[in-house]
>>> print(open('coords-v8.pdb').read())   # PDB, C-alpha atoms and all ligand atoms
ATOM      1  CA  MET A  18     118.954 137.031 284.322
ATOM      2  CA  ALA A  19     119.491 133.297 283.755
ATOM      3  CA  ARG A  20     119.286 132.201 280.133
ATOM      4  CA  GLN A  21     116.792 129.541 279.089
ATOM      5  CA  ASN A  22     119.249 128.120 276.582
ATOM      6  CA  PRO A  23     123.025 128.035 276.277
ATOM      7  CA  ASN A  24     125.037 130.023 273.763
ATOM      8  CA  ILE A  25     127.545 128.007 271.776
ATOM      9  CA  VAL A  26     130.605 129.143 269.811
ATOM     10  CA  ILE A  27     131.689 126.906 266.943
ATOM     11  CA  THR A  28     135.160 127.819 265.857
ATOM     12  CA  GLY A  29     138.115 126.409 263.916
ATOM     13  CA  THR A  30     140.180 126.988 260.803
ATOM     14  CA  PRO A  31     138.211 127.736 257.613
ATOM     15  CA  GLY A  32     137.008 124.481 256.028
ATOM     16  CA  VAL A  33     136.855 122.385 259.210
ATOM     17  CA  GLY A  34     133.062 122.178 259.093
ATOM     18  CA  LYS A  35     131.739 125.059 261.217
ATOM     19  CA  THR A  36     128.855 125.937 258.890
ATOM     20  CA  THR A  37     127.901 122.290 258.428
ATOM     21  CA  HIS A  38     127.759 121.714 262.189
ATOM     22  CA  ALA A  39     126.143 125.061 263.021
ATOM     23  CA  GLU A  40     123.348 124.593 260.484
ATOM     24  CA  GLN A  41     122.514 121.085 261.674
ATOM     25  CA  LEU A  42     122.605 122.056 265.319
ATOM     26  CA  ALA A  43     120.550 125.197 264.792
ATOM     27  CA  GLN A  44     117.918 123.137 263.078
ATOM     28  CA  SER A  45     117.776 120.264 265.533
ATOM     29  CA  LEU A  46     117.922 122.496 268.619
ATOM     30  CA  GLY A  47     115.811 125.356 267.265
ATOM     31  CA  PHE A  48     118.721 127.744 267.931
ATOM     32  CA  THR A  49     119.733 130.819 265.914
ATOM     33  CA  HIS A  50     122.757 130.293 263.688
ATOM     34  CA  VAL A  51     124.878 133.433 263.491
ATOM     35  CA  SER A  52     127.354 133.160 260.654
ATOM     36  CA  VAL A  53     129.683 135.972 261.643
ATOM     37  CA  ASN A  54     131.228 136.047 258.172
ATOM     38  CA  GLN A  55     127.831 136.566 256.642
ATOM     39  CA  ILE A  56     126.644 139.364 258.929
ATOM     40  CA  VAL A  57     129.981 141.148 258.760
ATOM     41  CA  LYS A  58     129.614 141.195 254.997
ATOM     42  CA  ASP A  59     125.866 141.858 254.813
ATOM     43  CA  GLU A  60     125.732 144.553 257.502
ATOM     44  CA  GLY A  61     129.081 146.133 256.712
ATOM     45  CA  TYR A  62     130.645 145.475 260.142
ATOM     46  CA  HIS A  63     134.116 145.761 258.676
ATOM     47  CA  GLU A  64     136.832 148.218 257.812
ATOM     48  CA  GLY A  65     137.399 146.920 254.289
ATOM     49  CA  LYS A  66     139.197 143.933 252.933
ATOM     50  CA  ASP A  67     142.666 142.638 253.649
ATOM     51  CA  GLU A  68     143.798 142.595 250.033
ATOM     52  CA  GLU A  69     146.496 140.003 250.512
ATOM     53  CA  LEU A  70     144.298 137.489 252.325
ATOM     54  CA  GLY A  71     141.034 138.469 250.662
ATOM     55  CA  SER A  72     139.186 138.447 253.990
ATOM     56  CA  TRP A  73     137.249 141.180 255.804
ATOM     57  CA  VAL A  74     138.867 143.212 258.575
ATOM     58  CA  VAL A  75     136.092 142.996 261.143
ATOM     59  CA  ASP A  76     134.846 146.001 263.103
ATOM     60  CA  GLU A  77     134.485 144.135 266.391
ATOM     61  CA  ASP A  78     132.681 146.950 268.231
ATOM     62  CA  LYS A  79     129.942 147.116 265.618
ATOM     63  CA  LEU A  80     129.626 143.349 265.538
ATOM     64  CA  LEU A  81     129.387 143.018 269.326
ATOM     65  CA  ASP A  82     126.933 145.935 269.624
ATOM     66  CA  HIS A  83     124.744 144.270 267.057
ATOM     67  CA  LEU A  84     124.845 140.908 268.840
ATOM     68  CA  GLU A  85     124.157 142.520 272.194
ATOM     69  CA  GLY A  86     121.137 144.212 270.633
ATOM     70  CA  THR A  87     119.678 140.837 269.683
ATOM     71  CA  GLY A  88     119.481 139.939 273.384
ATOM     72  CA  ILE A  89     121.988 137.102 273.028
ATOM     73  CA  SER A  90     123.145 137.355 276.619
ATOM     74  CA  GLU A  91     119.669 137.197 278.182
ATOM     75  CA  LYS A  92     117.903 134.868 275.776
ATOM     76  CA  GLY A  93     120.563 132.348 274.850
ATOM     77  CA  GLY A  94     120.034 129.802 272.103
ATOM     78  CA  TYR A  95     122.631 131.286 269.739
ATOM     79  CA  ILE A  96     125.264 129.434 267.758
ATOM     80  CA  LEU A  97     128.132 131.740 266.838
ATOM     81  CA  ASP A  98     130.084 130.421 263.889
ATOM     82  CA  TRP A  99     133.440 132.035 263.191
ATOM     83  CA  HIS A 100     137.133 131.346 262.626
ATOM     84  CA  ALA A 101     138.006 133.310 265.756
ATOM     85  CA  CYS A 102     136.543 133.247 269.240
ATOM     86  CA  GLU A 103     138.410 135.481 271.665
ATOM     87  CA  LEU A 104     136.284 138.542 270.924
ATOM     88  CA  PHE A 105     133.037 137.137 272.329
ATOM     89  CA  PRO A 106     132.554 138.176 275.981
ATOM     90  CA  GLU A 107     132.995 135.223 278.327
ATOM     91  CA  ARG A 108     129.719 135.942 280.095
ATOM     92  CA  TRP A 109     127.756 135.295 276.885
ATOM     93  CA  ILE A 110     129.229 131.890 276.197
ATOM     94  CA  ASP A 111     128.407 128.488 277.695
ATOM     95  CA  LEU A 112     130.242 126.132 275.334
ATOM     96  CA  VAL A 113     133.109 126.586 272.862
ATOM     97  CA  ILE A 114     133.480 123.864 270.241
ATOM     98  CA  VAL A 115     136.777 123.814 268.377
ATOM     99  CA  LEU A 116     136.489 121.675 265.259
ATOM    100  CA  ARG A 117     139.644 119.967 264.025
ATOM    101  CA  CYS A 118     140.437 118.364 260.720
ATOM    102  CA  ASP A 119     143.129 116.064 259.388
ATOM    103  CA  SER A 120     145.488 118.282 257.374
ATOM    104  CA  THR A 121     145.409 116.335 254.094
ATOM    105  CA  ILE A 122     141.599 116.421 254.131
ATOM    106  CA  LEU A 123     141.579 120.115 254.992
ATOM    107  CA  TYR A 124     144.007 120.820 252.155
ATOM    108  CA  ASP A 125     141.572 119.237 249.693
ATOM    109  CA  ARG A 126     138.607 121.153 251.113
ATOM    110  CA  LEU A 127     140.423 124.497 250.929
ATOM    111  CA  THR A 128     141.782 123.998 247.418
ATOM    112  CA  ALA A 129     138.284 122.939 246.301
ATOM    113  CA  ARG A 130     137.141 126.290 247.678
ATOM    114  CA  GLY A 131     139.722 128.066 245.556
ATOM    115  CA  TYR A 132     142.193 128.905 248.327
ATOM    116  CA  LYS A 133     145.760 129.168 247.123
ATOM    117  CA  GLY A 134     149.091 130.854 247.817
ATOM    118  CA  LYS A 135     149.448 132.677 251.108
ATOM    119  CA  LYS A 136     145.827 132.251 252.131
ATOM    120  CA  LEU A 137     146.009 128.465 251.723
ATOM    121  CA  GLU A 138     149.367 128.273 253.457
ATOM    122  CA  GLU A 139     148.358 130.398 256.445
ATOM    123  CA  ASN A 140     145.195 128.430 257.040
ATOM    124  CA  MET A 141     146.995 125.086 256.773
ATOM    125  CA  ASP A 142     149.621 126.299 259.251
ATOM    126  CA  SER A 143     146.897 127.539 261.560
ATOM    127  CA  GLU A 144     145.267 124.090 261.673
ATOM    128  CA  ILE A 145     148.543 122.232 262.108
ATOM    129  CA  MET A 146     149.630 124.598 264.891
ATOM    130  CA  GLN A 147     146.171 124.338 266.561
ATOM    131  CA  VAL A 148     145.934 128.127 266.697
ATOM    132  CA  LEU A 149     142.177 128.208 267.301
ATOM    133  CA  LEU A 150     142.311 125.569 270.020
ATOM    134  CA  ASP A 151     144.942 127.587 271.863
ATOM    135  CA  GLU A 152     142.954 130.805 271.375
ATOM    136  CA  ALA A 153     139.848 129.118 272.821
ATOM    137  CA  ARG A 154     141.750 127.713 275.800
ATOM    138  CA  GLU A 155     143.300 131.095 276.515
ATOM    139  CA  SER A 156     140.003 132.965 276.224
ATOM    140  CA  TYR A 157     137.541 130.708 278.089
ATOM    141  CA  ARG A 158     137.406 128.476 281.141
ATOM    142  CA  GLU A 159     139.002 125.151 280.358
ATOM    143  CA  GLU A 160     135.879 123.156 281.200
ATOM    144  CA  ILE A 161     133.729 124.846 278.540
ATOM    145  CA  VAL A 162     136.180 124.291 275.653
ATOM    146  CA  VAL A 163     135.671 121.071 273.693
ATOM    147  CA  GLU A 164     137.781 119.849 270.767
ATOM    148  CA  LEU A 165     135.886 117.720 268.224
ATOM    149  CA  GLN A 166     137.150 115.968 265.102
ATOM    150  CA  SER A 167     135.521 116.909 261.795
ATOM    151  CA  SER A 168     137.441 114.941 259.201
ATOM    152  CA  GLY A 169     135.030 112.252 258.003
ATOM    153  CA  ASP A 170     131.307 111.976 257.382
ATOM    154  CA  GLY A 171     130.396 110.052 260.531
ATOM    155  CA  ASP A 172     131.981 112.821 262.603
ATOM    156  CA  VAL A 173     129.244 115.364 261.929
ATOM    157  CA  GLU A 174     126.468 113.041 263.067
ATOM    158  CA  GLY A 175     128.362 111.955 266.163
ATOM    159  CA  ASN A 176     129.305 115.518 267.086
ATOM    160  CA  VAL A 177     125.763 116.816 266.611
ATOM    161  CA  GLU A 178     124.400 114.049 268.845
ATOM    162  CA  ARG A 179     126.987 114.788 271.483
ATOM    163  CA  VAL A 180     126.171 118.507 271.542
ATOM    164  CA  GLU A 181     122.427 117.819 271.656
ATOM    165  CA  LYS A 182     122.990 115.685 274.751
ATOM    166  CA  TRP A 183     125.152 118.396 276.267
ATOM    167  CA  VAL A 184     122.379 120.985 275.697
ATOM    168  CA  GLU A 185     119.819 118.702 277.371
ATOM    169  CA  GLN A 186     122.113 118.373 280.356
ATOM    170  CA  TRP A 187     122.711 122.129 280.441
ATOM    171  CA  ARG A 188     118.970 122.740 280.524
ATOM    172  CA  ALA A 189     118.503 120.223 283.337
ATOM    173  CA  ASN A 190     121.271 121.893 285.341
ATOM    174  CA  ASN A 191     119.932 125.394 284.746
ATOM    175  CA  GLU A 192     116.237 124.804 285.353
ATOM    176  CA  GLY A 193     114.253 127.147 287.513
TER     177      GLY A 193
HETATM  178  P1  LIG A 201     133.648 126.064 257.584
HETATM  179  O1  LIG A 201     132.301 126.655 257.872
HETATM  180  O2  LIG A 201     134.418 125.700 258.823
HETATM  181  O3  LIG A 201     134.474 126.856 256.629
HETATM  182  P2  LIG A 201     132.119 124.101 256.053
HETATM  183  O4  LIG A 201     131.065 123.626 256.999
HETATM  184  O5  LIG A 201     131.736 125.098 255.023
HETATM  185  O6  LIG A 201     133.400 124.639 256.875
HETATM  186  O7  LIG A 201     132.752 122.797 255.389
HETATM  187  C1  LIG A 201     133.682 122.868 254.312
HETATM  188  C2  LIG A 201     133.459 121.706 253.372
HETATM  189  O8  LIG A 201     133.842 120.485 253.986
HETATM  190  C3  LIG A 201     132.013 121.510 252.935
HETATM  191  O9  LIG A 201     132.036 121.069 251.603
HETATM  192  C4  LIG A 201     131.514 120.401 253.837
HETATM  193  C5  LIG A 201     132.747 119.589 254.095
HETATM  194  N1  LIG A 201     132.808 119.019 255.465
HETATM  195  C6  LIG A 201     132.944 119.724 256.605
HETATM  196  N2  LIG A 201     133.013 118.929 257.670
HETATM  197  C7  LIG A 201     132.942 117.663 257.199
HETATM  198  C8  LIG A 201     132.981 116.361 257.816
HETATM  199  N3  LIG A 201     133.133 116.208 259.131
HETATM  200  N4  LIG A 201     132.869 115.304 257.007
HETATM  201  C9  LIG A 201     132.725 115.449 255.663
HETATM  202  N5  LIG A 201     132.691 116.636 255.025
HETATM  203  C10 LIG A 201     132.794 117.726 255.782
END
>>> encode(input="coords-v8.pdb", output="structure tokens")
Amino acid sequence: MARQNPNIVITGTPGVGKTTHAEQLAQSLGFTHVSVNQIVKDEGYHEGKDEELGSWVVDEDKLLDHLEGTGISEKGGYILDWHACELFPERWIDLVIVLRCDSTILYDRLTARGYKGKKLEENMDSEIMQVLLDEARESYREEIVVELQSSGDGDVEGNVERVEKWVEQWRANNEG
């Protein structure tokens, strides 16, 4: 049941650049970009909205059933983009990328997006406290978790190149 392609999680605090990276990688690698936010909203895999934070309360069972139904585990070639990672079964995942951003830059990105009050504060704290990096390290084998900087423009290009090389290597190691 070996996959032909790896599955990659791209995670990190909102605003760090997950969508930007996932879209570029999906295009250059020919992988499927799964924006978890988007499908949760579009397919209704949620139990309503957290009014205070204005974000969806995800129905994880529905989400995982849906993903399983796509054949993610057997086929590979999926990029899962979400601000959480522990819910994805370890056996599906070959690489976990945790994007990190300088806090002053992240502050500007989140305010530009209209975040304020508690939502802004909680997300800033989350980045400063490296909550997603810790979650990734606790949920997956250490050697598949990679922390990448996503503060400036050159970072995206460099990160995309690095992941493309990693995928090539993965394919070479998993041939036959
Ligand atoms: P996320 O999907 O993590 O919420 P995004 O990809 O939508 O983040 O990016 C948020 C904004 O920041 C968007 O305007 C693109 C910009 N951005 C993200 N990463 C960047 C980087 N490394 N350099 C410059 N701009 C970046």
>>> closest_atom_pairs(input="coords-v8.pdb", of="chain A", to="ligand LIG 201 (chain A)", cutoff="8 Å", atoms="all atoms listed in the file", output="JSON lines")
{"residue": "A:Thr28", "atom": "CA", "partner": "A:LIG201", "partner_atom": "O2", "distance": 7.4}
{"residue": "A:Gly29", "atom": "CA", "partner": "A:LIG201", "partner_atom": "O2", "distance": 6.3}
{"residue": "A:Thr30", "atom": "CA", "partner": "A:LIG201", "partner_atom": "O2", "distance": 6.2}
{"residue": "A:Pro31", "atom": "CA", "partner": "A:LIG201", "partner_atom": "O3", "distance": 4.0}
{"residue": "A:Gly32", "atom": "CA", "partner": "A:LIG201", "partner_atom": "O3", "distance": 3.5}
{"residue": "A:Val33", "atom": "CA", "partner": "A:LIG201", "partner_atom": "O2", "distance": 4.1}
{"residue": "A:Gly34", "atom": "CA", "partner": "A:LIG201", "partner_atom": "O4", "distance": 3.2}
{"residue": "A:Lys35", "atom": "CA", "partner": "A:LIG201", "partner_atom": "O2", "distance": 3.6}
{"residue": "A:Thr36", "atom": "CA", "partner": "A:LIG201", "partner_atom": "O1", "distance": 3.7}
{"residue": "A:Thr37", "atom": "CA", "partner": "A:LIG201", "partner_atom": "O4", "distance": 3.7}
{"residue": "A:His38", "atom": "CA", "partner": "A:LIG201", "partner_atom": "O4", "distance": 6.4}
{"residue": "A:Ala39", "atom": "CA", "partner": "A:LIG201", "partner_atom": "O4", "distance": 7.9}
{"residue": "A:Asp98", "atom": "CA", "partner": "A:LIG201", "partner_atom": "O1", "distance": 7.4}
{"residue": "A:Trp99", "atom": "CA", "partner": "A:LIG201", "partner_atom": "O1", "distance": 7.7}
{"residue": "A:His100", "atom": "CA", "partner": "A:LIG201", "partner_atom": "O2", "distance": 7.3}
{"residue": "A:Leu116", "atom": "CA", "partner": "A:LIG201", "partner_atom": "O2", "distance": 7.9}
{"residue": "A:Cys118", "atom": "CA", "partner": "A:LIG201", "partner_atom": "N3", "distance": 7.8}
{"residue": "A:Leu123", "atom": "CA", "partner": "A:LIG201", "partner_atom": "O8", "distance": 7.8}
{"residue": "A:Arg126", "atom": "CA", "partner": "A:LIG201", "partner_atom": "O8", "distance": 5.6}
{"residue": "A:Leu127", "atom": "CA", "partner": "A:LIG201", "partner_atom": "C1", "distance": 7.7}
{"residue": "A:Gln166", "atom": "CA", "partner": "A:LIG201", "partner_atom": "N3", "distance": 7.2}
{"residue": "A:Ser167", "atom": "CA", "partner": "A:LIG201", "partner_atom": "N3", "distance": 3.6}
{"residue": "A:Ser168", "atom": "CA", "partner": "A:LIG201", "partner_atom": "N3", "distance": 4.5}
{"residue": "A:Gly169", "atom": "CA", "partner": "A:LIG201", "partner_atom": "N4", "distance": 3.9}
{"residue": "A:Asp170", "atom": "CA", "partner": "A:LIG201", "partner_atom": "N4", "distance": 3.7}
{"residue": "A:Gly171", "atom": "CA", "partner": "A:LIG201", "partner_atom": "N4", "distance": 6.8}
{"residue": "A:Asp172", "atom": "CA", "partner": "A:LIG201", "partner_atom": "N3", "distance": 5.0}
{"residue": "A:Val173", "atom": "CA", "partner": "A:LIG201", "partner_atom": "N3", "distance": 4.9}
>>> write_last_selection(input="coords-v8.pdb", atoms="C-alpha atoms", output="PDB file, keeping the file's coordinate frame")
ATOM      1  CA  THR A  28     135.160 127.819 265.857  1.00  0.00           C
ATOM      2  CA  GLY A  29     138.115 126.409 263.916  1.00  0.00           C
ATOM      3  CA  THR A  30     140.180 126.988 260.803  1.00  0.00           C
ATOM      4  CA  PRO A  31     138.211 127.736 257.613  1.00  0.00           C
ATOM      5  CA  GLY A  32     137.008 124.481 256.028  1.00  0.00           C
ATOM      6  CA  VAL A  33     136.855 122.385 259.210  1.00  0.00           C
ATOM      7  CA  GLY A  34     133.062 122.178 259.093  1.00  0.00           C
ATOM      8  CA  LYS A  35     131.739 125.059 261.217  1.00  0.00           C
ATOM      9  CA  THR A  36     128.855 125.937 258.890  1.00  0.00           C
ATOM     10  CA  THR A  37     127.901 122.290 258.428  1.00  0.00           C
ATOM     11  CA  HIS A  38     127.759 121.714 262.189  1.00  0.00           C
ATOM     12  CA  ALA A  39     126.143 125.061 263.021  1.00  0.00           C
ATOM     13  CA  ASP A  98     130.084 130.421 263.889  1.00  0.00           C
ATOM     14  CA  TRP A  99     133.440 132.035 263.191  1.00  0.00           C
ATOM     15  CA  HIS A 100     137.133 131.346 262.626  1.00  0.00           C
ATOM     16  CA  LEU A 116     136.489 121.675 265.259  1.00  0.00           C
ATOM     17  CA  CYS A 118     140.437 118.364 260.720  1.00  0.00           C
ATOM     18  CA  LEU A 123     141.579 120.115 254.992  1.00  0.00           C
ATOM     19  CA  ARG A 126     138.607 121.153 251.113  1.00  0.00           C
ATOM     20  CA  LEU A 127     140.423 124.497 250.929  1.00  0.00           C
ATOM     21  CA  GLN A 166     137.150 115.968 265.102  1.00  0.00           C
ATOM     22  CA  SER A 167     135.521 116.909 261.795  1.00  0.00           C
ATOM     23  CA  SER A 168     137.441 114.941 259.201  1.00  0.00           C
ATOM     24  CA  GLY A 169     135.030 112.252 258.003  1.00  0.00           C
ATOM     25  CA  ASP A 170     131.307 111.976 257.382  1.00  0.00           C
ATOM     26  CA  GLY A 171     130.396 110.052 260.531  1.00  0.00           C
ATOM     27  CA  ASP A 172     131.981 112.821 262.603  1.00  0.00           C
ATOM     28  CA  VAL A 173     129.244 115.364 261.929  1.00  0.00           C
TER      29      VAL A 173
END
>>> resolve_selection(input="coords-v8.pdb", expression="the PyMOL selection byres (((chain A and resi 137) around 12) and not hetatm)", output="mmCIF file with C-alpha atoms, in the frame of the given file")
data_model
loop_
_atom_site.group_PDB
_atom_site.id
_atom_site.type_symbol
_atom_site.label_atom_id
_atom_site.label_comp_id
_atom_site.auth_asym_id
_atom_site.auth_seq_id
_atom_site.Cartn_x
_atom_site.Cartn_y
_atom_site.Cartn_z
ATOM 1 C CA THR A 30 140.180 126.988 260.803
ATOM 2 C CA PRO A 31 138.211 127.736 257.613
ATOM 3 C CA GLY A 32 137.008 124.481 256.028
ATOM 4 C CA GLU A 69 146.496 140.003 250.512
ATOM 5 C CA LEU A 70 144.298 137.489 252.325
ATOM 6 C CA GLY A 71 141.034 138.469 250.662
ATOM 7 C CA SER A 120 145.488 118.282 257.374
ATOM 8 C CA LEU A 123 141.579 120.115 254.992
ATOM 9 C CA TYR A 124 144.007 120.820 252.155
ATOM 10 C CA ASP A 125 141.572 119.237 249.693
ATOM 11 C CA ARG A 126 138.607 121.153 251.113
ATOM 12 C CA LEU A 127 140.423 124.497 250.929
ATOM 13 C CA THR A 128 141.782 123.998 247.418
ATOM 14 C CA ALA A 129 138.284 122.939 246.301
ATOM 15 C CA ARG A 130 137.141 126.290 247.678
ATOM 16 C CA GLY A 131 139.722 128.066 245.556
ATOM 17 C CA TYR A 132 142.193 128.905 248.327
ATOM 18 C CA LYS A 133 145.760 129.168 247.123
ATOM 19 C CA GLY A 134 149.091 130.854 247.817
ATOM 20 C CA LYS A 135 149.448 132.677 251.108
ATOM 21 C CA LYS A 136 145.827 132.251 252.131
ATOM 22 C CA GLU A 138 149.367 128.273 253.457
ATOM 23 C CA GLU A 139 148.358 130.398 256.445
ATOM 24 C CA ASN A 140 145.195 128.430 257.040
ATOM 25 C CA MET A 141 146.995 125.086 256.773
ATOM 26 C CA ASP A 142 149.621 126.299 259.251
ATOM 27 C CA SER A 143 146.897 127.539 261.560
ATOM 28 C CA GLU A 144 145.267 124.090 261.673
#
>>> resolve_selection(input="coords-v8.pdb", expression="the PyMOL selection byres (((chain A and resi 162) around 9) and not hetatm)", output="list in words")
Leu112, Val113, Ile114, Val115, Leu150, Ala153, Arg154, Tyr157, Arg158, Glu159, Glu160, Ile161, Val163 and Glu164 of chain A
>>> resolve_selection(input="coords-v8.pdb", expression="the PyMOL selection byres (((chain A and resi 25) around 8) and not hetatm)", output="ChimeraX atom specification")
/A:23-24,26-27,94-97,110-114
>>> residues_around(input="coords-v8.pdb", residues="Glu77 of chain A", least_positions_apart="5", cutoff="9 Å", atoms="all atoms listed in the file", output="list of chain:residue names")
A:Tyr62, A:His63, A:Asp82, A:Leu104
>>> atom_distance(input="coords-v8.pdb", atom1="atom CA of His50 of chain A", atom2="atom CA of Leu165 of chain A")
18.7 Å
>>> atom_distance(input="coords-v8.pdb", atom1="atom CA of Asp151 of chain A", atom2="atom CA of Ile122 of chain A")
21.2 Å
>>> atom_distance(input="coords-v8.pdb", atom1="atom CA of Leu46 of chain A", atom2="atom CA of Arg188 of chain A")
12.0 Å
>>> residues_near_point(input="coords-v8.pdb", point="(120.3, 131.1, 278.4)", cutoff="7 Å", atoms="all atoms listed in the file", output="list in words")
Ala19, Arg20, Gln21, Asn22, Pro23, Asn24, Glu91, Lys92, Gly93 and Gly94 of chain A
>>> residues_around(input="coords-v8.pdb", residues="Gly65 of chain A", least_positions_apart="6", cutoff="9 Å", atoms="all atoms listed in the file", output="VMD selection string")
chain A and resid 72 to 75
>>> write_last_selection(input="coords-v8.pdb", atoms="C-alpha atoms", output="PDB file, in the frame of the given file")
ATOM      1  CA  SER A  72     139.186 138.447 253.990  1.00  0.00           C
ATOM      2  CA  TRP A  73     137.249 141.180 255.804  1.00  0.00           C
ATOM      3  CA  VAL A  74     138.867 143.212 258.575  1.00  0.00           C
ATOM      4  CA  VAL A  75     136.092 142.996 261.143  1.00  0.00           C
TER       5      VAL A  75
END
>>> closest_residue(input="coords-v8.pdb", among="A:Glu40, A:Glu174, A:Glu192, A:Glu152", to="Glu103 of chain A", atoms="only C-alpha atoms")
A:Glu152
>>> decode(input="coords-v8.pdb", residues="segment 77-115 of chain A", atoms="C-alpha atoms", output="compact mmCIF listing (two decimals), in the first residue's frame")
# COMPACT_ATOMS: atom_id res chain seq x y z
CA GLU A 77 -13.06 16.46 13.11
CA ASP A 78 -14.79 13.12 12.45
CA LYS A 79 -16.57 14.47 9.39
CA LEU A 80 -13.42 16.14 8.14
CA LEU A 81 -11.28 13.01 8.55
CA ASP A 82 -13.95 10.74 7.00
CA HIS A 83 -14.07 13.03 4.02
CA LEU A 84 -10.29 13.06 3.62
CA GLU A 85 -10.09 9.30 4.00
CA GLY A 86 -12.70 9.00 1.26
CA THR A 87 -10.46 10.89 -1.15
CA GLY A 88 -7.87 8.11 -0.85
CA ILE A 89 -5.30 10.40 0.75
CA SER A 90 -3.58 7.58 2.59
CA GLU A 91 -3.11 5.33 -0.45
CA LYS A 92 -2.53 7.90 -3.16
CA GLY A 93 -0.49 10.58 -1.44
CA GLY A 94 0.26 13.89 -3.10
CA TYR A 95 -1.86 15.98 -0.72
CA ILE A 96 -0.92 19.24 0.94
CA LEU A 97 -3.00 19.81 4.07
CA ASP A 98 -3.09 23.46 5.03
CA TRP A 99 -4.40 24.29 8.49
CA HIS A 100 -3.62 26.14 11.71
CA ALA A 101 -3.64 22.86 13.63
CA CYS A 102 -2.04 19.52 12.89
CA GLU A 103 -2.51 17.00 15.68
CA LEU A 104 -5.78 15.65 14.28
CA PHE A 105 -4.28 14.15 11.12
CA PRO A 106 -3.42 10.46 11.61
CA GLU A 107 0.34 9.92 11.74
CA ARG A 108 0.19 7.16 9.15
CA TRP A 109 -1.10 9.60 6.51
CA ILE A 110 1.67 12.14 6.93
CA ASP A 111 5.23 12.16 5.58
CA LEU A 112 6.31 15.74 6.29
CA VAL A 113 5.05 18.45 8.65
CA ILE A 114 6.13 22.00 7.83
CA VAL A 115 5.66 24.55 10.59
